[in-house]
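A.B. asks: Pasting run-v1.txt here (compact mmCIF, C-alpha atoms):
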# COMPACT_ATOMS: atom_id res chain seq x y z
CA MET A 1 126.19 90.57 56.80
CA GLY A 2 123.88 93.14 58.25
CA LEU A 3 120.84 91.30 56.97
CA PHE A 4 121.32 88.37 59.29
CA ARG A 5 122.49 90.27 62.29
CA LYS A 6 120.46 89.35 65.31
CA LYS A 7 118.28 92.20 66.47
CA LYS A 8 119.05 93.48 69.93
CA GLN A 9 116.33 92.62 72.38
CA PRO A 10 114.94 95.82 73.90
CA THR A 11 115.61 96.10 77.60
CA PHE A 12 112.58 96.75 79.76
CA LEU A 13 112.61 98.37 83.15
CA THR A 14 111.31 96.38 86.07
CA ARG A 15 108.43 97.86 88.01
CA ASP A 16 110.71 98.89 90.88
CA GLN A 17 113.14 100.59 88.51
CA ALA A 18 110.34 102.40 86.69
CA LEU A 19 108.84 103.65 89.95
CA ALA A 20 112.21 104.92 91.17
CA CYS A 21 112.85 106.89 87.96
CA THR A 22 112.18 110.61 87.77
CA PRO A 23 110.36 111.73 84.64
CA VAL A 24 111.80 114.90 83.12
CA ARG A 25 110.22 117.04 80.40
CA ASN A 26 112.10 117.41 77.14
CA ASN A 27 113.41 121.00 77.04
CA VAL A 28 113.03 121.19 73.27
CA VAL A 29 109.28 120.63 73.52
CA ASP A 30 107.10 123.76 73.50
CA TRP A 31 104.02 123.76 75.65
CA GLU A 32 101.48 126.29 76.77
CA ILE A 33 98.48 126.50 79.04
CA LEU A 34 95.35 127.21 77.03
CA GLU A 35 92.48 129.39 78.21
CA SER A 36 90.55 126.28 79.13
CA GLY A 37 93.33 125.35 81.53
CA LEU A 38 94.38 122.40 79.39
CA ILE A 39 97.89 122.02 78.11
CA GLN A 40 98.92 122.04 74.47
CA VAL A 41 102.23 120.47 73.62
CA GLU A 42 104.04 121.04 70.33
CA TYR A 43 106.85 118.69 69.43
CA VAL A 44 109.05 117.88 66.46
CA LEU A 45 107.90 114.81 64.63
CA VAL A 46 110.61 112.19 64.53
CA LEU A 47 110.44 110.59 61.09
CA LYS A 48 111.86 107.23 60.17
CA PRO A 49 115.12 107.55 58.15
CA PHE A 50 113.37 106.46 54.94
CA LEU A 51 110.62 109.06 55.29
CA GLN A 52 113.19 111.62 56.41
CA SER A 53 115.17 111.15 53.19
CA ILE A 54 112.02 111.57 51.08
CA PHE A 55 111.09 114.67 53.04
CA GLU A 56 114.54 116.17 52.53
CA ARG A 57 114.57 115.30 48.84
CA PHE A 58 111.15 116.58 47.87
CA GLY A 59 110.48 119.16 50.53
CA SER A 60 111.50 122.70 49.79
CA SER A 61 114.75 123.76 51.34
CA THR A 62 113.02 126.44 53.38
CA ALA A 63 110.42 124.05 54.80
CA GLU A 64 110.34 123.78 58.56
CA THR A 65 110.79 120.47 60.25
CA PRO A 66 107.38 118.83 60.67
CA THR A 67 105.81 119.37 64.06
CA ARG A 68 102.70 118.10 65.74
CA LYS A 69 100.46 119.62 68.38
CA ILE A 70 98.58 117.62 70.96
CA GLU A 71 96.14 118.85 73.56
CA LEU A 72 96.19 116.96 76.83
CA ASP A 73 92.96 116.28 78.69
CA THR A 74 92.34 117.54 82.24
CA LEU A 75 94.08 114.68 83.98
CA GLY A 76 96.91 114.61 81.45
CA SER A 77 97.44 118.34 81.97
CA GLN A 78 97.60 117.82 85.72
CA VAL A 79 100.21 115.10 85.38
CA TRP A 80 102.20 117.16 82.85
CA GLN A 81 102.42 120.01 85.34
CA MET A 82 103.46 117.62 88.08
CA ILE A 83 106.39 116.41 85.94
CA ASP A 84 108.86 119.03 87.10
CA GLY A 85 111.91 116.84 87.53
CA SER A 86 111.63 116.75 91.30
CA ARG A 87 109.18 113.88 91.73
CA SER A 88 109.82 110.22 91.03
CA THR A 89 107.16 108.14 89.26
CA ALA A 90 106.15 106.61 92.59
CA GLU A 91 105.69 110.07 94.12
CA LEU A 92 103.65 111.17 91.11
CA ILE A 93 101.39 108.16 91.51
CA GLU A 94 100.90 108.69 95.22
CA GLU A 95 100.19 112.39 94.84
CA PHE A 96 97.78 111.79 91.97
CA ALA A 97 95.98 109.06 93.92
CA ARG A 98 95.73 111.28 97.00
CA HIS A 99 94.45 114.23 94.98
CA HIS A 100 91.71 112.23 93.24
CA LYS A 101 91.02 109.96 96.22
CA ILE A 102 91.57 106.83 94.20
CA SER A 103 93.64 103.75 94.92
CA ASN A 104 97.32 103.52 94.04
CA GLN A 105 96.51 100.65 91.69
CA GLU A 106 94.22 102.82 89.56
CA ALA A 107 96.63 105.75 89.61
CA GLU A 108 99.62 103.58 88.74
CA GLN A 109 97.89 102.07 85.72
CA SER A 110 96.84 105.38 84.26
CA ILE A 111 100.05 107.28 84.99
CA SER A 112 102.35 104.55 83.70
CA LEU A 113 100.33 104.36 80.49
CA PHE A 114 100.40 108.15 80.12
CA LEU A 115 104.15 108.37 80.75
CA ARG A 116 104.77 105.58 78.26
CA GLU A 117 102.82 107.49 75.59
CA LEU A 118 104.74 110.69 76.33
CA GLY A 119 108.01 108.78 76.22
CA LYS A 120 107.19 107.24 72.84
CA ARG A 121 106.73 110.72 71.41
CA GLY A 122 109.94 111.95 72.98
CA LEU A 123 108.20 114.46 75.22
CA ILE A 124 109.72 113.15 78.42
CA ALA A 125 112.68 111.10 79.51
CA LEU A 126 113.17 109.02 82.64
CA GLY A 127 116.09 110.21 84.74
CA MET B 1 96.24 102.16 117.40
CA THR B 2 96.58 101.25 113.75
CA ARG B 3 93.71 102.18 111.47
CA THR B 4 92.57 99.14 109.56
CA ASN B 5 90.76 98.31 106.33
CA HIS B 6 88.68 95.21 106.10
CA ILE B 7 89.04 93.19 102.89
CA ARG B 8 86.46 90.66 101.71
CA TRP B 9 87.28 89.29 98.29
CA ASN B 10 85.99 86.02 96.88
CA HIS B 11 85.41 84.42 100.30
CA LEU B 12 88.74 85.59 101.74
CA HIS B 13 88.58 88.01 104.67
CA LEU B 14 91.40 89.90 106.28
CA ASP B 15 92.22 93.20 107.98
CA ILE B 16 95.12 95.28 106.76
CA PRO B 17 96.57 98.56 108.00
CA GLN B 18 94.93 101.54 106.27
CA HIS B 19 98.19 102.63 104.65
CA TRP B 20 98.56 99.31 102.83
CA ASP B 21 97.09 98.82 99.36
CA VAL B 22 95.43 95.78 97.89
CA ILE B 23 96.03 94.96 94.24
CA VAL B 24 93.62 92.54 92.62
CA LYS B 25 95.62 90.41 90.20
CA ALA B 26 93.07 87.67 89.53
CA ARG B 27 89.95 86.12 90.97
CA ARG B 28 91.86 84.45 93.80
CA HIS B 29 95.09 86.39 93.78
CA LEU B 30 95.73 89.54 95.80
CA ILE B 31 98.90 91.51 96.38
CA LEU B 32 99.41 93.59 99.51
CA GLU B 33 101.58 96.65 99.07
CA ASN B 34 102.97 99.46 101.15
CA ASP B 35 104.26 102.60 99.40
CA LEU B 36 104.05 100.77 96.06
CA LYS B 37 106.34 98.02 97.32
CA PRO B 38 104.87 94.52 97.48
CA ILE B 39 104.74 93.02 100.94
CA ALA B 40 103.01 89.75 100.23
CA GLU B 41 100.86 87.98 97.71
CA LEU B 42 97.98 85.70 98.52
CA ARG B 43 96.47 82.97 96.39
CA TRP B 44 93.80 80.58 97.52
CA GLN B 45 91.81 77.64 96.29
CA PRO B 46 88.65 76.35 97.94
CA THR B 47 88.20 72.66 98.60
CA GLY B 48 87.47 70.46 95.64
CA LYS B 49 88.89 72.84 93.06
CA HIS B 50 92.33 71.26 92.81
CA ALA B 51 93.51 67.73 92.17
CA GLY B 52 95.63 67.10 95.23
CA PRO B 53 97.97 68.60 97.79
CA LEU B 54 100.35 71.23 96.41
CA SER B 55 103.89 70.04 95.87
CA GLY B 56 107.01 72.21 95.84
CA LYS B 57 107.06 72.15 92.06
CA LYS B 58 103.44 73.22 91.77
CA ILE B 59 104.05 76.08 94.17
CA ALA B 60 107.12 77.24 92.27
CA ARG B 61 105.21 77.03 88.99
CA GLN B 62 102.57 79.35 90.39
CA LEU B 63 104.92 81.83 92.00
CA ALA B 64 107.94 81.91 89.73
CA PRO B 65 107.79 79.86 86.53
CA GLY B 66 111.08 78.14 85.66
CA THR B 67 112.36 77.80 89.21
CA ASP B 68 112.07 75.21 91.91
CA CYS B 69 110.89 75.33 95.47
CA SER B 70 112.11 73.39 98.49
CA ARG B 71 110.59 72.77 101.88
CA SER B 72 112.05 74.82 104.70
CA GLU B 73 111.66 75.14 108.43
CA VAL B 74 108.43 76.75 109.58
CA LEU B 75 109.12 79.99 111.36
CA THR B 76 106.60 79.28 114.08
CA ASP B 77 107.86 82.01 116.40
CA LEU B 78 107.02 84.68 113.85
CA LEU B 79 103.45 83.52 113.32
CA PRO B 80 100.69 84.49 115.78
CA ALA B 81 99.25 81.67 117.87
CA ARG B 82 95.67 82.36 116.76
CA PHE B 83 96.78 82.07 113.14
CA ARG B 84 98.55 78.75 113.79
CA SER B 85 95.45 77.37 115.49
CA LYS B 86 93.36 78.06 112.36
CA PHE B 87 95.74 76.80 109.69
CA ALA B 88 98.14 73.93 109.16
CA VAL B 89 101.30 75.72 108.05
CA GLU B 90 104.09 74.48 105.81
CA SER B 91 106.98 76.66 104.78
CA PHE B 92 108.90 76.71 101.50
CA ALA B 93 111.81 78.63 100.04
CA LEU B 94 112.09 79.61 96.39
CA ASP B 95 115.45 78.64 94.92
CA HIS B 96 115.97 81.88 93.00
CA SER B 97 114.90 84.26 95.76
CA SER B 98 115.90 82.80 99.07
CA GLU B 99 114.82 85.90 100.99
CA ASP B 100 111.15 85.34 100.21
CA THR B 101 109.11 83.17 102.52
CA VAL B 102 106.38 80.98 101.09
CA LEU B 103 103.71 79.70 103.43
CA LEU B 104 101.33 76.98 102.37
CA LEU B 105 98.28 77.03 104.61
CA THR B 106 95.48 74.55 104.88
CA CYS B 107 92.42 75.68 106.79
CA LYS B 108 91.65 73.21 109.54
CA SER B 109 87.88 73.64 109.26
CA CYS B 110 87.11 74.22 105.55
CA THR B 111 90.36 72.75 104.06
CA THR B 112 90.85 75.71 101.74
CA THR B 113 94.45 75.94 100.55
CA LEU B 114 96.16 79.32 100.80
CA LEU B 115 99.53 80.26 99.45
CA ILE B 116 101.23 83.32 100.91
CA ARG B 117 104.46 84.64 99.51
CA VAL B 118 106.07 87.17 101.82
CA TYR B 119 108.58 89.32 99.97
CA GLY B 120 112.07 89.84 101.36
CA LYS B 121 112.04 90.98 104.94
CA SER B 122 108.36 91.88 104.94
CA LEU B 123 107.66 89.20 107.53
CA GLU B 124 108.62 91.92 110.00
CA SER B 125 105.64 93.95 108.75
CA PHE B 126 103.39 91.05 109.70
CA GLN B 127 105.05 90.89 113.11
CA SER B 128 104.40 94.56 113.75
CA HIS B 129 100.81 94.14 112.51
CA PRO B 130 99.90 90.68 113.84
CA PHE B 131 96.18 91.31 113.25
CA VAL B 132 96.73 90.84 109.49
CA LEU B 133 97.48 87.14 109.80
CA GLU B 134 95.16 86.71 112.79
CA SER B 135 92.20 88.10 110.85
CA LEU B 136 92.83 85.89 107.82
CA ASN B 137 89.70 83.84 107.22
CA CYS B 138 88.73 81.69 104.27
CA HIS B 139 85.37 80.25 105.33
CA PRO B 140 82.72 80.82 102.67
CA ASP B 141 79.92 83.26 103.47
CA PRO B 142 76.38 81.97 103.87
CA PRO B 143 75.15 81.41 100.28
CA GLU B 144 72.08 83.68 100.57
CA SER B 145 74.22 86.81 100.87
CA VAL B 146 77.90 86.98 99.96
CA LYS B 147 79.63 90.18 101.05
CA TRP B 148 82.55 91.78 99.24
CA GLN B 149 84.65 94.73 100.29
CA ILE B 150 87.75 96.10 98.62
CA GLN B 151 89.44 99.48 98.33
CA ASP B 152 86.73 102.01 99.21
CA PHE B 153 83.55 100.16 98.30
CA PHE B 154 81.49 97.18 99.39
CA PHE B 155 78.62 95.17 97.94
CA SER B 156 76.47 92.11 98.61
CA LEU B 157 75.63 89.49 96.06
CA PRO B 158 72.65 87.19 95.83
CA GLU B 159 73.11 83.44 95.82
CA GLY B 160 74.93 81.72 92.97
CA PHE B 161 77.01 84.55 91.51
CA GLU B 162 80.67 83.87 90.73
CA LEU B 163 83.25 86.48 89.81
CA GLU B 164 83.96 86.34 86.08
CA ARG B 165 86.36 89.24 85.59
CA SER B 166 87.44 92.48 87.20
CA SER B 167 89.29 95.58 86.13
CA PHE B 168 90.50 98.50 88.21
CA ARG B 169 91.38 101.08 85.60
CA PHE B 170 91.64 104.76 86.44
CA GLY B 171 88.22 106.23 86.93
CA LEU B 172 86.36 103.04 86.16
CA THR B 173 86.18 99.90 88.23
CA ASN B 174 84.30 97.11 86.52
CA LEU B 175 83.32 93.80 88.07
CA CYS B 176 81.42 91.11 86.22
CA PHE B 177 79.66 88.21 87.91
CA LYS B 178 77.80 85.31 86.40
CA SER B 179 75.27 82.80 87.62
CA SER B 180 73.49 80.09 85.68
CA GLU B 181 70.72 82.45 84.60
CA ALA B 182 72.00 85.97 84.99
CA GLU B 183 74.92 88.28 84.48
CA LEU B 184 75.67 91.10 86.89
CA ARG B 185 77.93 94.07 86.20
CA LEU B 186 79.02 96.47 88.89
CA CYS B 187 80.84 99.67 88.14
CA ARG B 188 82.31 102.49 90.13
CA LEU B 189 83.21 105.79 88.51
CA ALA B 190 85.77 107.88 90.34
CA PRO B 191 86.16 110.80 90.44
CA ALA B 192 82.55 111.37 89.40
CA SER B 193 83.05 115.11 88.89
CA GLN B 194 85.54 114.47 86.07
CA HIS B 195 83.10 112.17 84.29
CA LEU B 196 80.19 114.54 84.76
CA GLN B 197 82.19 117.41 83.24
CA GLN B 198 82.45 115.48 80.00
CA ASN B 199 79.07 113.71 79.89
CA SER B 200 75.70 114.06 81.51
CA PHE B 201 74.57 111.64 84.20
CA ALA B 202 71.96 110.14 81.84
CA THR B 203 74.50 109.68 79.03
CA LEU B 204 76.89 107.87 81.36
CA PHE B 205 74.04 105.65 82.50
CA GLN B 206 73.01 104.90 78.94
CA SER B 207 76.56 103.98 77.89
CA PHE B 208 76.90 101.75 80.96
CA CYS B 209 73.77 99.66 80.57
CA GLY B 210 72.35 100.56 77.15
CA ALA B 211 69.18 101.87 78.79
CA ARG B 212 66.59 102.96 76.28
CA PRO B 213 65.75 106.61 77.06
CA GLY B 214 61.99 105.99 77.34
CA HIS B 215 62.49 103.39 80.03
CA GLN B 216 64.75 105.43 82.31
CA ARG B 217 63.21 106.39 85.59
CA ASP B 218 64.76 108.91 87.92
CA ALA B 219 63.84 108.47 91.55
CA ASP B 220 65.74 111.60 92.61
CA PRO B 221 68.33 113.82 90.92
CA SER B 222 71.19 111.62 92.06
CA ALA B 223 69.80 108.25 90.94
CA LEU B 224 68.60 106.68 87.72
CA HIS B 225 66.88 103.34 87.34
CA TYR B 226 66.10 101.23 84.34
CA HIS B 227 63.96 98.17 84.04
CA TYR B 228 63.16 96.18 80.94
CA ALA B 229 60.93 93.15 80.53
CA PRO B 230 60.37 91.78 77.01
CA LYS B 231 56.93 91.21 75.51
CA LEU B 232 55.92 87.60 74.84
CA PRO B 233 57.06 87.30 71.16
CA GLU B 234 60.38 88.95 71.99
CA TYR B 235 60.75 86.72 75.03
CA LEU B 236 60.16 83.56 72.96
CA TRP B 237 62.54 84.71 70.24
CA GLY B 238 65.10 85.63 72.89
CA ARG B 239 64.86 82.20 74.52
CA ILE B 240 65.54 80.52 71.17
CA ARG B 241 68.60 82.70 70.77
CA ARG B 242 69.56 82.16 74.43
CA LYS B 243 69.56 85.87 75.16
CA LYS B 244 69.21 87.44 78.58
CA LEU B 245 66.45 89.92 77.84
CA TYR B 246 65.28 90.92 81.30
CA GLN B 247 67.32 93.79 82.59
CA ALA B 248 67.46 95.98 85.65
CA ALA B 249 70.03 98.71 86.15
CA SER B 250 70.69 101.57 88.47
CA PHE B 251 73.10 104.48 88.74
CA THR B 252 73.65 106.42 91.94
CA HIS B 253 75.69 109.55 92.33
CA ILE B 254 77.27 110.03 95.75
CA PRO B 255 78.48 113.65 95.65
CA HIS B 256 80.21 113.76 99.04
CA HIS B 257 82.42 110.83 98.03
CA ASP B 258 82.68 112.01 94.39
CA ARG B 259 81.69 108.56 93.16
CA ILE B 260 79.05 107.05 90.90
CA LEU B 261 78.02 103.50 91.66
CA GLY B 262 76.12 101.46 89.15
CA TYR B 263 74.85 97.96 88.61
CA SER B 264 73.24 96.20 85.70
CA ILE B 265 71.74 92.75 85.85
CA ARG B 266 70.61 90.82 82.78
CA SER B 267 68.67 87.64 83.19
CA LYS B 268 66.86 84.97 81.21
CA ARG B 269 63.96 85.12 83.66
CA PRO B 270 62.17 87.99 85.39
CA ILE B 271 64.39 89.60 88.03
CA ALA B 272 62.93 89.40 91.51
CA ASN B 273 62.56 92.66 93.42
CA SER B 274 64.37 91.12 96.37
CA VAL B 275 67.47 90.59 94.21
CA LYS B 276 67.39 94.18 93.00
CA THR B 277 66.91 95.48 96.52
CA MET B 278 69.74 93.35 97.87
CA ILE B 279 72.20 94.62 95.26
CA GLN B 280 70.99 98.21 95.52
CA ASP B 281 71.06 98.38 99.30
CA GLY B 282 74.25 96.40 99.73
CA TYR B 283 76.33 98.54 97.36
CA GLY B 284 78.08 101.54 98.86
CA ILE B 285 81.19 103.50 99.66
CA ILE B 286 83.01 102.82 102.91
CA GLN B 287 82.83 105.63 105.41
CA LYS B 288 86.33 106.16 106.72
CA LYS B 289 86.39 105.78 110.47
CA LYS B 290 88.07 108.44 112.50
CA ALA B 291 89.79 105.90 114.69
CA ALA B 292 89.40 102.29 113.79
CA ASP B 293 90.14 99.90 116.54
CA LEU B 294 92.40 96.97 116.32
CA PRO B 295 90.77 93.60 116.65
CA ASP B 296 91.32 92.05 120.02
CA ALA B 297 94.76 90.52 120.22
What would you get if you wrote out this structure as structure tokens?

C.D. replies:
Amino acid sequence: MGLFRKKKQPTFLTRDQALACTPVRNNVVDWEILESGLIQVEYVLVLKPFLQSIFERFGSSTAETPTRKIELDTLGSQVWQMIDGSRSTAELIEEFARHHKISNQEAEQSISLFLRELGKRGLIALG
Amino acid sequence: MTRTNHIRWNHLHLDIPQHWDVIVKARRHLILENDLKPIAELRWQPTGKHAGPLSGKKIARQLAPGTDCSRSEVLTDLLPARFRSKFAVESFALDHSSEDTVLLLTCKSCTTTLLIRVYGKSLESFQSHPFVLESLNCHPDPPESVKWQIQDFFFSLPEGFELERSSFRFGLTNLCFKSSEAELRLCRLAPASQHLQQNSFATLFQSFCGARPGHQRDADPSALHYHYAPKLPEYLWGRIRRKKLYQAASFTHIPHHDRILGYSIRSKRPIANSVKTMIQDGYGIIQKKKAADLPDA
């Protein structure tokens, strides 16, 4: 009875765990530095199974998988370049705070929100 | 010599080492951190704001909902003598995290209640920096000028203003204070250069305080001022609708700190020049000392 199966509660990382993790870029994602110095990221759109089946049924067989391009702002581009797999989230926050001469609290809020958005789109993973 | 930062937040004063961070969680709730790891959290309640003495259950409810708290032996040896002379100290242990130390303090002179939760073995940090507990002070400032200082900025408030809300988002710190007749907003934009790349100084000022372009007045290239006083019919109509129509606002760019500081005050009545001057002059960025001295031990 799949209908009544209890949904699994998503597991959330604690703050300590999240800070200890190392964000890693998804290798499949294409990105380039634009002339303006900003970063443009192109990634494959992950469709829900229902939409995927419609796309496969009605899309032409030669059609490419749908992709999306996003352009990061100045600060986002800086953080993207800092995500090289060698720094933990805590180190990213501290470096970002030091670079912009802001408090760790401000840096933590913005970077955690940014990483969460990137994670939702499958652009990064936490190692 | 440890470099120190002085914190003044909602009548609580203390010195912390410069490498520690302060996180503002609520109006009377601060968290002290080192390298993004919490060391201690402080909550306080001035006299007359709570029903009675705090019990173990009340403490546990505040610190960790769903658990209980039991009285434990006060670790008097670990606490500085000057600190013990200022506060009556009781010690508690949380049932679910026995490593944490909870100190319930009652100020002997102003009877303010303070609750300090020291995480894990962080009590050692307080032992190596005894000036943190020694400098802890909860006596209210004189009402005519209340001073605040947190992170890298400080400001003074006129009489009667209470903190309503605060936010410390990236690039924009917003503090809102209210008194019976007026509302005061303080903001700090950091880094200013990033903001100025995207918008002009005047546009930022306008979006901050809604200044009508004709009323903006620039004293020098790095400062903008705005003042608005309603005409009589508008004033009468505004009073019926209980609106705060009088407004004064200012925006100051401090290039060498890469910050923009702004304030906006809205009032039901005309805003006195002394109030504007006090806010304007008392709002600034802390100059980092080359070698800050420890307070006398």

A.B. asks: List every protein, DNA or RNA residue that has at least one atom no more than 9 Å from (105.0, 102.1, 101.2) in the file's coordinates, counting only C-alpha atoms, and write the result as a PyMOL selection string.

C.D. replies: chain B and resi 19-21+33-38

A.B. asks: List the neighbours of Glu95 (chain A) out to 12 Å using only C-alpha atoms; skip same-chain residues closer than 3 positions along the sequence, and give me the result as JSON, numbers by chain.

C.D. replies: {"A": [78, 79, 82, 83, 87, 88, 89, 90, 91, 92, 98, 99, 100, 101, 102, 103, 104, 107, 108, 111], "B": [35]}

A.B. asks: Would you please work out which residue, of B:Ser267, B:Ser274, B:Asn174, B:Ser91, is nearest to chain A when using all atoms listed in the file?

C.D. replies: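 Looking at the shortest contact to chain A, the residue is B:Asn174.
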
A.B. asks: Quick one: of A:Gln105, A:Thr67, A:Ser112, A:Gln52, who's nearest to Val29 (chain A), counting only C-alpha atoms?

C.D. replies: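 Among the listed residues, the smallest separation from Val29 (chain A) belongs to A:Thr67.
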
A.B. asks: When you draw a straight line from CA of Arg259 (chain B) to CA of Pro158 (chain B), how long is it in Å?

C.D. replies: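 So the answer is 23.4 Å.
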
A.B. asks: Using 6 Å as the limit and counting only C-alpha atoms, can you tabulate each residue of chain B that touches chain A, with its shortest atom-to-atom distance in Å and the two atoms involved, as JSON lines?

C.D. replies:
{"residue": "B:Phe168", "atom": "CA", "partner": "A:Glu106", "partner_atom": "CA", "distance": 5.9}
{"residue": "B:Arg169", "atom": "CA", "partner": "A:Glu106", "partner_atom": "CA", "distance": 5.2}
{"residue": "B:Phe170", "atom": "CA", "partner": "A:Glu106", "partner_atom": "CA", "distance": 4.5}

A.B. asks: Dig up all the protein and nucleic acid residues within 12 Å of (107.4, 90.5, 106.9) in the file frame, using only C-alpha atoms, and format them as a compact mmCIF listing (two decimals) with C-alpha atoms, keeping the file's coordinate frame.

C.D. replies:
# COMPACT_ATOMS: atom_id res chain seq x y z
CA LEU B 32 99.41 93.59 99.51
CA GLU B 33 101.58 96.65 99.07
CA ASN B 34 102.97 99.46 101.15
CA PRO B 38 104.87 94.52 97.48
CA ILE B 39 104.74 93.02 100.94
CA ALA B 40 103.01 89.75 100.23
CA GLU B 41 100.86 87.98 97.71
CA LEU B 75 109.12 79.99 111.36
CA LEU B 78 107.02 84.68 113.85
CA LEU B 79 103.45 83.52 113.32
CA GLU B 99 114.82 85.90 100.99
CA ASP B 100 111.15 85.34 100.21
CA THR B 101 109.11 83.17 102.52
CA VAL B 102 106.38 80.98 101.09
CA LEU B 103 103.71 79.70 103.43
CA ILE B 116 101.23 83.32 100.91
CA ARG B 117 104.46 84.64 99.51
CA VAL B 118 106.07 87.17 101.82
CA TYR B 119 108.58 89.32 99.97
CA GLY B 120 112.07 89.84 101.36
CA LYS B 121 112.04 90.98 104.94
CA SER B 122 108.36 91.88 104.94
CA LEU B 123 107.66 89.20 107.53
CA GLU B 124 108.62 91.92 110.00
CA SER B 125 105.64 93.95 108.75
CA PHE B 126 103.39 91.05 109.70
CA GLN B 127 105.05 90.89 113.11
CA SER B 128 104.40 94.56 113.75
CA HIS B 129 100.81 94.14 112.51
CA PRO B 130 99.90 90.68 113.84
CA VAL B 132 96.73 90.84 109.49
CA LEU B 133 97.48 87.14 109.80

A.B. asks: Mind pulling up the distance from CA of Leu184 (chain B) to CA of Pro270 (chain B)?

C.D. replies: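 So the two atoms, CA of Pro270 (chain B) and CA of Leu184 (chain B), lie 13.9 Å apart.
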
A.B. asks: What is the CA of Val24 (chain A) to CA of Val41 (chain A) distance in Å?

C.D. replies: 14.6 Å

A.B. asks: Let me have the centre and edge lengths in Å, one decimal, of the box along x, y and z around every listed atom of region 10-26 of chain A with 8 Å of margin on each side, as lines of an AutoDock Vina configuration file.

C.D. replies:
center_x = 112.0
center_y = 106.6
center_z = 82.5
size_x = 23.2
size_y = 37.6
size_z = 33.3

A.B. asks: Closest to Glu183 (chain B) among B:Gln287, B:Gln247, B:Thr111, B:Thr106, using only C-alpha atoms?

C.D. replies: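 Using only C-alpha atoms, Glu183 (chain B) sits closest to B:Gln247.
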
A.B. asks: Find the residues near His256 (chain B): any atom within 12 Å, counting only C-alpha atoms, skip ones fewer than 6 places away on the same chain, and give them as a VMD selection string.

C.D. replies: (chain A and resid 101) or (chain B and resid 190 to 193 222 285 to 287)

A.B. asks: May I have the residues from that selection written out with C-alpha atoms, as an mmCIF file, in the frame of the given file?

C.D. replies:
data_model
loop_
_atom_site.group_PDB
_atom_site.id
_atom_site.type_symbol
_atom_site.label_atom_id
_atom_site.label_comp_id
_atom_site.auth_asym_id
_atom_site.auth_seq_id
_atom_site.Cartn_x
_atom_site.Cartn_y
_atom_site.Cartn_z
ATOM 1 C CA LYS A 101 91.020 109.960 96.220
ATOM 2 C CA ALA B 190 85.770 107.880 90.340
ATOM 3 C CA PRO B 191 86.160 110.800 90.440
ATOM 4 C CA ALA B 192 82.550 111.370 89.400
ATOM 5 C CA SER B 193 83.050 115.110 88.890
ATOM 6 C CA SER B 222 71.190 111.620 92.060
ATOM 7 C CA ILE B 285 81.190 103.500 99.660
ATOM 8 C CA ILE B 286 83.010 102.820 102.910
ATOM 9 C CA GLN B 287 82.830 105.630 105.410
#
